[in-house]
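These notes are about the structure you will find just below.
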Amino acid sequence: MLVAITAAIGCAVMLWFLLTTGLAWRLATDIPNERSLHVRPTPRVGGWGVVPVVVLAILLTASSLWMIACAVVFLAAMSQIDDRRGLPAHVRFAGHLAAVAVLVALYPADVPWWMLTSLALLMLWLVNLYNFMDGADGLAGGMALFGFGGYAVAALVTGHPVPQLGFASAAVAGAAAGFLLFNFHPARIFLGDAGSIPLGFLAGALGYWGWREGAWPIWFPAMVFAPFIGDASVTLMRRLGRGEKFWQAHREHYYQRMVRSGMGHARTALCWYVVMLAGIILAISALGLSVQVQWSFVIAWAVVLMLIGVAIDCRWRRFQSIVYEQPKV
């Protein structure tokens, strides 16, 4: 708790300084486009509060995770350049791939090569999907607060506690709470690539590290971040199925449909918080059970998320039918 509270205060103070001095607008500003759910230019400086606090906390309380801290700095620096000037997609992807490859190479798990490669690809997807989900007020910050908070609890209370992993996860959750003070609706700042890309990497890297160290089974990180993973993955598959360029800006994510169909930013974020918290409680509760029961929890939660997605799609179709049936003036 001390690590989390300190990280929250540190992040909040740094972001408050950037906003009050006007530096936030000069570092990076998000200009609304066809994907945006907001209408006013907003600073994208969340990473300037989250990343320094998290890196310092890891180096002080979880020194064995130094490589992860170095990778976070590298990704944040590259992403800040992208926020300011823009980088080609292949350059960004190469940087993400390099960070994941170095992590797996320096900290390999005793599993077949194909499984390690699959895990690396999943971590690479996490790096990018977190950026896709940073589009609604309070969403990405809140999910980081709950997700990494779940990591911290699991790392410290399971049968194989990993204190350094718990401290690192608590630091990320605390920094996310400090960021959320300025990001909840109406948002004054967004994460930006310099914040969302490192957070996505941390979700995958700490999840991988916890599995490698025996803190949790392989399914646990995926279940913790399942709402994010499910939304981004289903949206990607839909766009690929229609032959669309998935990297282009769009507003087809489930959370975007919720906001656009009248729920608004605050209600959408709160609904996602409830779903995320429920999944985390189920995941932590399943840790002490048999393997068969654990996987039954995973399957049951996947079905629940699928039903939630169906409900959002139904609401979206009703909303569109009402809009199209309105008489034009």
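Ordering of the structure tokens sets the chain letters (A, B, ...); residue numbers start at 1 within each chain; ligands are numbered from 1 in the order shown.
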Mind running range 2-77 of chain A against range 205-222 of chain A at 12 Å and telling me each contacting residue's nearest atom pair with the distance in Å (one decimal), counting only C-alpha atoms, chain and number ascending, as CSV?
residue,atom,partner,partner_atom,distance
A:Ile58,CA,A:Leu206,CA,11.3
A:Ala62,CA,A:Leu206,CA,11.5
A:Ser64,CA,A:Trp209,CA,10.6
A:Leu65,CA,A:Trp209,CA,8.8
A:Trp66,CA,A:Ala205,CA,11.8
A:Met67,CA,A:Ala205,CA,10.1
A:Ile68,CA,A:Ala205,CA,7.1
A:Ala69,CA,A:Ala205,CA,10.2
A:Ala71,CA,A:Ala205,CA,9.8
A:Val72,CA,A:Ala205,CA,10.0
Those selected residues, please, written with N, CA, C and O atoms and delivered as a short mmCIF file (atom, residue, chain, number, x, y, z; two decimals), in the first residue's frame.
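The resulting out04.cif:
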data_model
loop_
_atom_site.label_atom_id
_atom_site.label_comp_id
_atom_site.auth_asym_id
_atom_site.auth_seq_id
_atom_site.Cartn_x
_atom_site.Cartn_y
_atom_site.Cartn_z
N ILE A 58 10.35 0.40 -9.57
CA ILE A 58 10.88 -0.93 -9.89
C ILE A 58 12.36 -1.02 -9.49
O ILE A 58 12.80 -2.00 -8.89
N ALA A 62 12.15 -3.52 -6.70
CA ALA A 62 12.13 -4.79 -7.43
C ALA A 62 13.29 -4.82 -8.41
O ALA A 62 13.10 -4.92 -9.62
N SER A 64 15.36 -6.95 -9.35
CA SER A 64 15.52 -8.09 -10.26
C SER A 64 14.76 -7.89 -11.56
O SER A 64 14.99 -8.61 -12.53
N LEU A 65 13.86 -6.91 -11.59
CA LEU A 65 13.09 -6.61 -12.80
C LEU A 65 13.70 -5.44 -13.56
O LEU A 65 13.01 -4.75 -14.31
N TRP A 66 15.00 -5.23 -13.41
CA TRP A 66 15.66 -4.07 -14.02
C TRP A 66 15.51 -4.05 -15.54
O TRP A 66 15.38 -2.98 -16.14
N MET A 67 15.55 -5.22 -16.17
CA MET A 67 15.44 -5.25 -17.62
C MET A 67 14.07 -4.75 -18.07
O MET A 67 13.96 -4.06 -19.09
N ILE A 68 13.03 -5.10 -17.31
CA ILE A 68 11.69 -4.63 -17.65
C ILE A 68 11.64 -3.11 -17.53
O ILE A 68 11.05 -2.43 -18.38
N ALA A 69 12.28 -2.55 -16.50
CA ALA A 69 12.32 -1.10 -16.34
C ALA A 69 13.04 -0.45 -17.52
O ALA A 69 12.59 0.58 -18.04
N ALA A 71 13.33 -1.62 -20.57
CA ALA A 71 12.48 -1.75 -21.75
C ALA A 71 11.35 -0.71 -21.72
O ALA A 71 10.97 -0.16 -22.76
N VAL A 72 10.82 -0.44 -20.53
CA VAL A 72 9.77 0.57 -20.39
C VAL A 72 10.29 1.94 -20.80
O VAL A 72 9.62 2.70 -21.51
#
Legend entry - Surrounding residues of Ala57 in chain A excluding itself and chain neighbours under 3 positions, 10 Å, only C-alpha atoms, as JSON, numbers by chain: {"A": [3, 4, 6, 7, 51, 52, 53, 54, 60, 61, 62, 63, 69, 167, 168, 169, 170, 171, 172]}
Only all heavy atoms, please: the residues just picked out, written as a compact mmCIF listing (two decimals), in the first residue's frame.
# COMPACT_ATOMS: atom_id res chain seq x y z
N VAL A 3 3.85 1.61 -1.30
CA VAL A 3 4.39 1.79 -2.66
C VAL A 3 3.31 2.36 -3.57
O VAL A 3 3.57 3.30 -4.35
CB VAL A 3 4.91 0.44 -3.20
CG1 VAL A 3 5.24 0.55 -4.68
CG2 VAL A 3 6.14 -0.01 -2.43
N ALA A 4 2.10 1.82 -3.51
CA ALA A 4 1.03 2.27 -4.38
C ALA A 4 0.66 3.73 -4.10
O ALA A 4 0.49 4.54 -5.03
CB ALA A 4 -0.20 1.37 -4.20
N THR A 6 2.51 6.08 -2.65
CA THR A 6 3.61 6.95 -3.05
C THR A 6 3.64 7.15 -4.56
O THR A 6 3.85 8.27 -5.05
CB THR A 6 4.95 6.36 -2.57
OG1 THR A 6 4.92 6.17 -1.16
CG2 THR A 6 6.11 7.28 -2.93
N ALA A 7 3.41 6.06 -5.30
CA ALA A 7 3.39 6.17 -6.76
C ALA A 7 2.24 7.04 -7.23
O ALA A 7 2.39 7.83 -8.17
CB ALA A 7 3.29 4.77 -7.37
N VAL A 51 5.35 6.69 -16.34
CA VAL A 51 6.60 5.96 -16.62
C VAL A 51 7.72 6.28 -15.63
O VAL A 51 8.33 5.36 -15.08
CB VAL A 51 7.05 6.21 -18.07
CG1 VAL A 51 8.45 5.65 -18.31
CG2 VAL A 51 6.06 5.56 -19.04
N PRO A 52 8.06 7.55 -15.37
CA PRO A 52 9.16 7.81 -14.41
C PRO A 52 8.90 7.22 -13.03
O PRO A 52 9.82 6.67 -12.40
CB PRO A 52 9.23 9.35 -14.37
CG PRO A 52 8.59 9.81 -15.63
CD PRO A 52 7.52 8.81 -15.92
N VAL A 53 7.65 7.33 -12.57
CA VAL A 53 7.31 6.81 -11.24
C VAL A 53 7.46 5.30 -11.19
O VAL A 53 8.04 4.74 -10.26
CB VAL A 53 5.88 7.23 -10.87
CG1 VAL A 53 5.39 6.47 -9.64
CG2 VAL A 53 5.81 8.73 -10.60
N VAL A 54 6.95 4.62 -12.23
CA VAL A 54 7.02 3.16 -12.27
C VAL A 54 8.45 2.68 -12.37
O VAL A 54 8.87 1.74 -11.66
CB VAL A 54 6.17 2.62 -13.43
CG1 VAL A 54 6.43 1.13 -13.65
CG2 VAL A 54 4.69 2.86 -13.17
N LEU A 60 13.92 0.62 -7.23
CA LEU A 60 14.12 0.71 -5.79
C LEU A 60 13.56 -0.49 -5.03
O LEU A 60 14.13 -0.90 -4.01
CB LEU A 60 13.46 1.99 -5.26
CG LEU A 60 14.12 3.31 -5.65
CD1 LEU A 60 13.31 4.48 -5.11
CD2 LEU A 60 15.56 3.38 -5.16
N THR A 61 12.45 -1.06 -5.50
CA THR A 61 11.78 -2.11 -4.73
C THR A 61 11.80 -3.48 -5.40
O THR A 61 11.48 -4.48 -4.76
CB THR A 61 10.31 -1.74 -4.46
OG1 THR A 61 9.59 -1.69 -5.72
CG2 THR A 61 10.22 -0.39 -3.79
N ALA A 62 12.15 -3.52 -6.70
CA ALA A 62 12.13 -4.79 -7.43
C ALA A 62 13.29 -4.82 -8.41
O ALA A 62 13.10 -4.92 -9.62
CB ALA A 62 10.79 -4.96 -8.16
N SER A 63 14.50 -4.74 -7.88
CA SER A 63 15.69 -4.60 -8.73
C SER A 63 15.90 -5.78 -9.67
O SER A 63 16.55 -5.63 -10.71
CB SER A 63 16.93 -4.42 -7.85
OG SER A 63 17.07 -5.51 -6.95
N ALA A 69 12.28 -2.55 -16.50
CA ALA A 69 12.32 -1.10 -16.34
C ALA A 69 13.04 -0.45 -17.52
O ALA A 69 12.59 0.58 -18.04
CB ALA A 69 13.01 -0.74 -15.03
N PHE A 167 5.47 -5.60 -5.47
CA PHE A 167 5.83 -4.18 -5.36
C PHE A 167 5.76 -3.48 -6.72
O PHE A 167 5.25 -2.36 -6.82
CB PHE A 167 7.23 -4.03 -4.77
CG PHE A 167 7.33 -4.44 -3.33
CD1 PHE A 167 8.45 -5.09 -2.85
CD2 PHE A 167 6.29 -4.19 -2.45
CE1 PHE A 167 8.54 -5.48 -1.52
CE2 PHE A 167 6.36 -4.57 -1.12
CZ PHE A 167 7.50 -5.22 -0.65
N ALA A 168 6.30 -4.12 -7.75
CA ALA A 168 6.28 -3.52 -9.08
C ALA A 168 4.85 -3.32 -9.57
O ALA A 168 4.49 -2.26 -10.11
CB ALA A 168 7.06 -4.40 -10.07
N SER A 169 4.00 -4.32 -9.37
CA SER A 169 2.61 -4.22 -9.80
C SER A 169 1.87 -3.14 -9.01
O SER A 169 1.06 -2.39 -9.57
CB SER A 169 1.91 -5.57 -9.62
OG SER A 169 2.55 -6.59 -10.38
N ALA A 170 2.14 -3.06 -7.70
CA ALA A 170 1.51 -2.03 -6.88
C ALA A 170 1.91 -0.64 -7.34
O ALA A 170 1.10 0.30 -7.33
CB ALA A 170 1.89 -2.23 -5.42
N ALA A 171 3.17 -0.48 -7.77
CA ALA A 171 3.63 0.82 -8.26
C ALA A 171 2.88 1.23 -9.52
O ALA A 171 2.49 2.39 -9.67
CB ALA A 171 5.13 0.76 -8.52
N VAL A 172 2.67 0.28 -10.43
CA VAL A 172 1.94 0.59 -11.66
C VAL A 172 0.50 0.94 -11.34
O VAL A 172 -0.06 1.91 -11.88
CB VAL A 172 2.00 -0.59 -12.65
CG1 VAL A 172 1.29 -0.21 -13.95
CG2 VAL A 172 3.43 -1.01 -12.94
Could you give me, as a tab-separated table, every range 35-82 of chain A residue with an atom at most 7 Å from range 189-195 of chain A, plus its closest atom pair and distance in Å to one decimal, counting only C-alpha atoms, rows ordered by chain then number?
residue	atom	partner	partner_atom	distance
A:Thr42	CA	A:Ile189	CA	5.8
A:Pro43	CA	A:Ile189	CA	5.1
A:Arg44	CA	A:Gly192	CA	4.5
A:Val45	CA	A:Leu191	CA	5.9
A:Gly46	CA	A:Leu191	CA	4.0
A:Gly47	CA	A:Gly195	CA	3.5
A:Val50	CA	A:Gly195	CA	6.8
A:Val51	CA	A:Gly195	CA	6.8
A:Ala76	CA	A:Ala194	CA	4.5
A:Ala77	CA	A:Ala194	CA	6.9
A:Ser79	CA	A:Ala194	CA	4.6
A:Gln80	CA	A:Ala194	CA	4.9
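Among the candidate residues A:Gly204, A:Ala173, A:Trp25, A:Thr117, the one lying nearest to Leu2 in chain A is A:Ala173, with distances computed using only C-alpha atoms.
Compared by their closest atoms to Arg257 in chain A, and using only C-alpha atoms, the residues A:Arg317, A:His96, A:Arg188, A:Arg238 rank with A:Arg317 nearest.
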Please tabulate, as a tab-separated table, the residues of range 56-169 of chain A that come within 9 Å of range 276-288 of chain A, each with its closest pair of atoms and the distance in Å to one decimal, counting only C-alpha atoms and ordering rows by chain, then residue number upward.
residue	atom	partner	partner_atom	distance
A:Met143	CA	A:Met276	CA	7.0
A:Phe146	CA	A:Leu277	CA	6.5
A:Gly147	CA	A:Ile280	CA	7.4
A:Gly150	CA	A:Ile280	CA	6.1
A:Tyr151	CA	A:Ile280	CA	8.9
A:Val153	CA	A:Ile284	CA	8.2
A:Ala154	CA	A:Ile284	CA	6.3
A:Thr158	CA	A:Leu287	CA	7.4
A:Gly159	CA	A:Gly288	CA	7.9
Within 8 Å of range 132-139 of chain A, which residues of range 176-197 of chain A show up? Give each one with its shortest atom-to-atom distance in Å (one decimal) and the two atoms involved, counting only C-alpha atoms, rows by chain then rising residue number, as JSON lines.
{"residue": "A:Leu180", "atom": "CA", "partner": "A:Gly138", "partner_atom": "CA", "distance": 6.2}
{"residue": "A:Asn183", "atom": "CA", "partner": "A:Gly138", "partner_atom": "CA", "distance": 5.2}
{"residue": "A:Phe184", "atom": "CA", "partner": "A:Gly138", "partner_atom": "CA", "distance": 4.0}
{"residue": "A:His185", "atom": "CA", "partner": "A:Asp137", "partner_atom": "CA", "distance": 5.1}
{"residue": "A:Pro186", "atom": "CA", "partner": "A:Asp137", "partner_atom": "CA", "distance": 6.6}
{"residue": "A:Ala187", "atom": "CA", "partner": "A:Asp137", "partner_atom": "CA", "distance": 5.4}
{"residue": "A:Phe190", "atom": "CA", "partner": "A:Asp134", "partner_atom": "CA", "distance": 7.5}
{"residue": "A:Leu191", "atom": "CA", "partner": "A:Asp134", "partner_atom": "CA", "distance": 7.0}
{"residue": "A:Gly192", "atom": "CA", "partner": "A:Asp134", "partner_atom": "CA", "distance": 7.7}
{"residue": "A:Ser196", "atom": "CA", "partner": "A:Asp134", "partner_atom": "CA", "distance": 7.0}
